[in-house]
file data15.cif (mmCIF, C-alpha atoms)
data_run
#
loop_
_atom_site.label_atom_id
_atom_site.label_comp_id
_atom_site.auth_asym_id
_atom_site.auth_seq_id
_atom_site.Cartn_x
_atom_site.Cartn_y
_atom_site.Cartn_z
CA MET U 13 -4.29 8.74 5.22
CA VAL U 14 -4.36 7.24 1.79
CA ILE U 15 -1.52 5.90 -0.29
CA ASP U 16 0.06 7.70 -3.21
CA SER U 17 -2.45 8.14 -6.04
CA GLU U 18 -0.20 6.58 -8.69
CA LEU U 19 0.40 3.48 -6.57
CA ALA U 20 -3.31 3.26 -5.75
CA HIS U 21 -4.27 3.33 -9.41
CA ARG U 22 -1.64 0.75 -10.33
CA PHE U 23 -3.10 -1.54 -7.69
CA ILE U 24 -6.72 -0.87 -8.70
CA ASP U 25 -5.95 -1.61 -12.35
CA ALA U 26 -4.23 -4.91 -11.49
CA TYR U 27 -6.89 -5.91 -8.93
CA MET U 28 -9.77 -5.22 -11.29
CA ALA U 29 -8.08 -7.05 -14.15
CA PHE U 30 -7.45 -10.10 -11.98
CA LEU U 31 -10.85 -10.20 -10.26
CA ALA U 32 -12.62 -9.72 -13.60
CA THR U 33 -11.19 -13.04 -14.77
CA LEU U 34 -12.97 -14.83 -11.93
CA LEU U 35 -16.47 -13.92 -13.21
CA SER U 36 -18.22 -14.38 -16.51
CA GLU U 37 -19.62 -11.41 -18.40
CA ASP U 38 -23.13 -12.61 -17.50
CA GLU U 39 -22.24 -12.56 -13.80
CA LYS U 40 -21.05 -8.96 -14.09
CA LYS U 41 -24.02 -7.80 -16.15
CA GLY U 42 -26.38 -5.50 -14.27
CA LYS U 43 -24.05 -5.15 -11.28
CA ARG U 44 -22.14 -2.10 -10.13
CA THR U 45 -18.38 -2.48 -10.34
CA ALA U 46 -17.99 -2.77 -6.56
CA GLN U 47 -20.58 -5.58 -6.48
CA TRP U 48 -18.79 -7.81 -8.96
CA LEU U 49 -15.41 -6.98 -7.42
CA VAL U 50 -16.69 -8.25 -4.05
CA ILE U 51 -17.85 -11.45 -5.73
CA GLY U 52 -14.47 -11.85 -7.41
CA ARG U 53 -12.65 -11.20 -4.15
CA ALA U 54 -14.74 -13.88 -2.42
CA ARG U 55 -13.84 -16.35 -5.17
CA PHE U 56 -10.17 -15.50 -4.80
CA GLY U 57 -10.47 -15.97 -1.04
CA ALA U 58 -12.04 -19.38 -1.57
CA ASP U 59 -9.37 -20.46 -4.09
CA ARG U 60 -6.09 -18.60 -3.68
CA ALA U 61 -4.56 -20.71 -6.49
CA THR U 62 -6.47 -18.59 -9.01
CA LEU U 63 -3.79 -15.92 -8.65
CA ALA U 64 -1.00 -18.30 -9.66
CA ALA U 65 -3.00 -19.32 -12.73
CA TYR U 66 -3.56 -15.64 -13.56
CA ARG U 67 0.18 -14.92 -13.21
CA ASP U 68 0.99 -17.79 -15.57
CA ALA U 69 -1.56 -16.61 -18.14
CA ASN U 70 -0.54 -12.93 -17.88
CA PRO U 71 3.26 -12.67 -17.77
CA ASP U 72 3.10 -8.94 -18.61
CA ALA U 73 0.92 -8.14 -15.60
CA ASP U 74 2.28 -5.85 -12.87
CA MET U 75 3.92 -8.47 -10.66
CA ASP U 76 4.46 -6.07 -7.76
CA MET U 77 0.72 -5.45 -7.62
CA LEU U 78 0.02 -9.18 -7.93
CA ASP U 79 2.33 -9.69 -4.94
CA ALA U 80 0.18 -7.21 -3.02
CA ILE U 81 -2.93 -9.15 -4.03
CA ALA U 82 -1.26 -12.37 -2.86
CA SER U 83 -0.72 -10.82 0.58
CA LEU U 84 -4.41 -9.94 1.07
CA ARG U 85 -5.88 -10.92 4.43
CA PHE U 86 -9.67 -11.18 4.18
CA GLY U 87 -11.94 -10.99 7.13
CA ARG U 88 -13.96 -8.94 9.53
CA TRP U 89 -12.06 -6.05 11.05
CA VAL U 90 -12.80 -3.54 13.77
CA TYR U 91 -12.18 0.01 12.62
CA LEU U 92 -11.24 1.64 15.90
CA LYS U 93 -10.12 5.16 15.04
CA ASP U 94 -8.09 7.46 12.84
CA THR U 95 -4.87 9.13 13.78
CA ARG U 96 -3.18 11.84 11.71
CA ALA U 97 -1.10 9.20 9.91
CA TYR U 98 -3.22 6.01 9.70
CA SER U 99 -6.41 4.23 10.71
CA VAL U 100 -6.38 1.55 13.41
CA LEU U 101 -7.80 -1.85 12.44
CA LEU U 102 -7.99 -4.95 14.61
CA PRO U 103 -9.00 -8.39 13.37
CA LEU U 104 -11.90 -9.76 15.39
CA ASP U 105 -9.61 -12.21 17.17
CA CYS U 106 -7.43 -9.26 18.28
CA ASP U 107 -4.16 -11.06 17.59
CA ALA U 108 -2.60 -7.83 16.29
CA ALA U 109 -3.33 -4.18 15.63
CA LEU U 110 -2.56 -2.56 12.29
CA GLY U 111 -2.02 1.02 11.19
CA VAL U 112 -3.78 0.95 7.82
CA LEU U 113 -4.03 3.37 4.91
CA GLY U 114 -6.84 3.62 2.40
CA LEU U 115 -6.43 3.26 -1.34
CA THR U 116 -8.35 6.33 -2.44
CA GLU U 117 -10.41 7.23 0.62
CA ARG U 118 -9.89 7.21 4.34
CA LEU U 119 -11.16 4.27 6.35
CA SER U 120 -13.28 6.66 8.42
CA GLU U 121 -15.24 7.42 5.24
CA MET U 122 -15.63 3.71 4.52
CA ALA U 123 -16.91 3.26 8.07
CA GLY U 124 -19.60 5.88 7.47
CA GLY U 125 -17.83 8.50 9.58
CA TYR U 126 -18.07 6.47 12.78
CA SER U 127 -15.48 4.76 14.94
CA GLY U 128 -16.12 1.36 16.46
CA VAL U 129 -17.40 -0.19 13.25
CA VAL U 130 -16.96 -3.81 12.20
CA PHE U 131 -16.76 -4.56 8.49
CA ARG U 132 -15.53 -7.18 6.08
CA THR U 133 -12.62 -6.13 3.90
CA GLY U 134 -9.17 -7.08 2.70
CA VAL U 135 -5.89 -5.71 4.04
CA MET U 136 -2.63 -6.14 2.14
CA ALA U 137 1.00 -5.18 2.14
CA LEU U 138 1.53 -2.45 -0.46
CA GLY U 139 4.41 -0.02 -0.67
CA GLY U 140 5.71 -1.17 2.70
CA ARG U 141 2.44 -0.31 4.49
CA TRP U 142 -0.83 -2.04 5.38
CA VAL U 143 -3.49 -0.88 2.94
CA CYS U 144 -7.22 -1.63 2.78
CA ASP U 145 -8.36 -2.98 -0.60
CA GLY U 146 -11.24 -0.49 -0.68
CA LEU U 147 -14.03 -3.06 -0.82
CA VAL U 148 -16.06 -2.81 2.38
CA GLU U 149 -19.14 -4.88 3.13
CA GLU U 150 -21.29 -5.95 6.08
CA ARG U 151 -20.78 -2.82 8.20
CA ALA U 152 -22.08 -2.97 11.77
CA MET U 153 -21.76 -0.48 14.61
CA LEU U 154 -20.35 -1.62 17.94
CA GLY U 155 -22.01 -0.62 21.16
CA GLY U 156 -20.17 1.48 23.73
CA ASN U 157 -19.02 -1.45 25.86
CA TYR U 158 -17.62 -3.30 22.85
CA ARG U 159 -15.84 -0.16 21.62
CA LYS U 160 -14.28 0.23 25.08
CA GLN U 161 -13.15 -3.42 25.12
CA TYR U 162 -11.54 -3.12 21.66
CA ALA U 163 -9.85 0.14 22.67
CA GLU U 164 -8.43 -1.58 25.76
CA ARG U 165 -7.27 -4.51 23.63
CA TYR U 166 -5.59 -2.10 21.19
CA THR U 167 -3.75 -0.41 24.06
CA ALA U 168 -2.56 -3.82 25.33
CA LEU U 169 -1.47 -4.90 21.83
CA ARG U 170 0.53 -1.69 21.37
CA ALA U 171 2.21 -2.17 24.74
CA ALA U 172 3.07 -5.77 23.80
CA GLY U 173 4.63 -4.71 20.47
CA ALA U 174 1.81 -6.26 18.41
CA PHE U 175 1.03 -3.07 16.47
CA THR U 176 2.54 -2.56 13.00
CA LEU U 177 2.29 -0.06 10.17
CA GLY U 178 3.39 -2.58 7.55
CA PRO U 179 4.98 -5.97 7.05
CA GLU U 180 8.52 -4.70 7.60
CA ARG U 181 7.70 -2.02 10.14
#
call {"tool": "encode", "arguments": {"input": "data15.cif", "output": "structure tokens"}}
result
Amino acid sequence: MVIDSELAHRFIDAYMAFLATLLSEDEKKGKRTAQWLVIGRARFGADRATLAAYRDANPDADMDMLDAIASLRFGRWVYLKDTRAYSVLLPLDCDAALGVLGLTERLSEMAGGYSGVVFRTGVMALGGRWVCDGLVEERAMLGGNYRKQYAERYTALRAAGAFTLGPER
């Protein structure tokens, strides 16, 4: 339940190149890659105009991947479960349910092998599907009653037609 490896690496290359421009070398020094990427993502979330400036300064950049970055939805998500074809994510406000793919690893692995986990991440439209950006932070386990409530909400969202596998699906 991950996207095509070639597409994933195209996205990762573009995402890292863009986010790297939002930090100084000193800010990256001594940090693991994932740590400075999370900082860069937070800066992008706080000022979405940084992407337009990056596009203007880098006309040879992969515009399809920059479009995916532009579609990122940041926030806290409930990882509910895996199916054979996708992972189920719900935003905390439960206004929709998404069938999401991972970039290079399954969401179940990012959730520590548990279902009913809340974490902060980004979800974007990539290759016609919803895809997690691979940067997961602030994981927290839900108790049994909360898991049950989110499962019930997912069932209701599916029945109401508020479940999608991608922006056009």
call {"tool": "atom_distance", "arguments": {"input": "data15.cif", "atom1": "atom CA of U:Tyr166", "atom2": "atom CA of U:Tyr91"}}
result
11.0 Å
call {"tool": "resolve_selection", "arguments": {"input": "data15.cif", "expression": "the PyMOL selection byres ((chain U and resi 29) around 12)", "output": "VMD selection string"}}
result
chain U and resid 22 to 28 30 to 35 45 48 to 49 52 to 53 63 66 to 67 70 73 to 74 77 to 78 81
call {"tool": "write_last_selection", "arguments": {"input": "data15.cif", "atoms": "C-alpha atoms", "output": "PDB file, keeping the file's coordinate frame"}}
result
ATOM      1  CA  ARG U  22      -1.640   0.750 -10.330  1.00  0.00           C
ATOM      2  CA  PHE U  23      -3.100  -1.540  -7.690  1.00  0.00           C
ATOM      3  CA  ILE U  24      -6.720  -0.870  -8.700  1.00  0.00           C
ATOM      4  CA  ASP U  25      -5.950  -1.610 -12.350  1.00  0.00           C
ATOM      5  CA  ALA U  26      -4.230  -4.910 -11.490  1.00  0.00           C
ATOM      6  CA  TYR U  27      -6.890  -5.910  -8.930  1.00  0.00           C
ATOM      7  CA  MET U  28      -9.770  -5.220 -11.290  1.00  0.00           C
ATOM      8  CA  PHE U  30      -7.450 -10.100 -11.980  1.00  0.00           C
ATOM      9  CA  LEU U  31     -10.850 -10.200 -10.260  1.00  0.00           C
ATOM     10  CA  ALA U  32     -12.620  -9.720 -13.600  1.00  0.00           C
ATOM     11  CA  THR U  33     -11.190 -13.040 -14.770  1.00  0.00           C
ATOM     12  CA  LEU U  34     -12.970 -14.830 -11.930  1.00  0.00           C
ATOM     13  CA  LEU U  35     -16.470 -13.920 -13.210  1.00  0.00           C
ATOM     14  CA  THR U  45     -18.380  -2.480 -10.340  1.00  0.00           C
ATOM     15  CA  TRP U  48     -18.790  -7.810  -8.960  1.00  0.00           C
ATOM     16  CA  LEU U  49     -15.410  -6.980  -7.420  1.00  0.00           C
ATOM     17  CA  GLY U  52     -14.470 -11.850  -7.410  1.00  0.00           C
ATOM     18  CA  ARG U  53     -12.650 -11.200  -4.150  1.00  0.00           C
ATOM     19  CA  LEU U  63      -3.790 -15.920  -8.650  1.00  0.00           C
ATOM     20  CA  TYR U  66      -3.560 -15.640 -13.560  1.00  0.00           C
ATOM     21  CA  ARG U  67       0.180 -14.920 -13.210  1.00  0.00           C
ATOM     22  CA  ASN U  70      -0.540 -12.930 -17.880  1.00  0.00           C
ATOM     23  CA  ALA U  73       0.920  -8.140 -15.600  1.00  0.00           C
ATOM     24  CA  ASP U  74       2.280  -5.850 -12.870  1.00  0.00           C
ATOM     25  CA  MET U  77       0.720  -5.450  -7.620  1.00  0.00           C
ATOM     26  CA  LEU U  78       0.020  -9.180  -7.930  1.00  0.00           C
ATOM     27  CA  ILE U  81      -2.930  -9.150  -4.030  1.00  0.00           C
TER      28      ILE U  81
END
call {"tool": "closest_residue", "arguments": {"input": "data15.cif", "among": "U:Cys144, U:Ala108, U:Gly128, U:Gly134", "to": "U:Asn157", "atoms": "only C-alpha atoms"}}
result
U:Gly128
call {"tool": "resolve_selection", "arguments": {"input": "data15.cif", "expression": "the PyMOL selection byres ((chain U and resi 90) around 9)", "output": "PDB file with C-alpha atoms, in the frame of the given file"}}
result
ATOM      1  CA  ARG U  88     -13.960  -8.940   9.530  1.00  0.00           C
ATOM      2  CA  TRP U  89     -12.060  -6.050  11.050  1.00  0.00           C
ATOM      3  CA  TYR U  91     -12.180   0.010  12.620  1.00  0.00           C
ATOM      4  CA  LEU U  92     -11.240   1.640  15.900  1.00  0.00           C
ATOM      5  CA  VAL U 100      -6.380   1.550  13.410  1.00  0.00           C
ATOM      6  CA  LEU U 101      -7.800  -1.850  12.440  1.00  0.00           C
ATOM      7  CA  LEU U 102      -7.990  -4.950  14.610  1.00  0.00           C
ATOM      8  CA  PRO U 103      -9.000  -8.390  13.370  1.00  0.00           C
ATOM      9  CA  LEU U 104     -11.900  -9.760  15.390  1.00  0.00           C
ATOM     10  CA  SER U 127     -15.480   4.760  14.940  1.00  0.00           C
ATOM     11  CA  GLY U 128     -16.120   1.360  16.460  1.00  0.00           C
ATOM     12  CA  VAL U 129     -17.400  -0.190  13.250  1.00  0.00           C
ATOM     13  CA  VAL U 130     -16.960  -3.810  12.200  1.00  0.00           C
ATOM     14  CA  PHE U 131     -16.760  -4.560   8.490  1.00  0.00           C
ATOM     15  CA  ARG U 132     -15.530  -7.180   6.080  1.00  0.00           C
ATOM     16  CA  LEU U 154     -20.350  -1.620  17.940  1.00  0.00           C
ATOM     17  CA  TYR U 162     -11.540  -3.120  21.660  1.00  0.00           C
TER      18      TYR U 162
END
call {"tool": "atom_distance", "arguments": {"input": "data15.cif", "atom1": "atom CA of U:Glu117", "atom2": "atom CA of U:Ala137"}}
result
16.9 Å
call {"tool": "closest_residue", "arguments": {"input": "data15.cif", "among": "U:Leu177, U:Ala46, U:Ala163, U:Ala64", "to": "U:Gly139", "atoms": "all atoms listed in the file"}}
result
U:Leu177
call {"tool": "atom_distance", "arguments": {"input": "data15.cif", "atom1": "atom CA of U:Leu19", "atom2": "atom CA of U:Thr95"}}
result
21.8 Å
call {"tool": "resolve_selection", "arguments": {"input": "data15.cif", "expression": "the PyMOL selection byres ((chain U and resi 96) around 12)", "output": "VMD selection string"}}
result
chain U and resid 13 to 14 93 to 95 97 to 100 111 to 113 118 120
call {"tool": "closest_residue", "arguments": {"input": "data15.cif", "among": "U:Ile51, U:Ala80, U:Met75, U:Ala58", "to": "U:Met136", "atoms": "all atoms listed in the file"}}
result
U:Ala80
call {"tool": "closest_residue", "arguments": {"input": "data15.cif", "among": "U:Cys106, U:Val135, U:Leu147, U:Leu119", "to": "U:Arg170", "atoms": "all atoms listed in the file"}}
result
U:Cys106
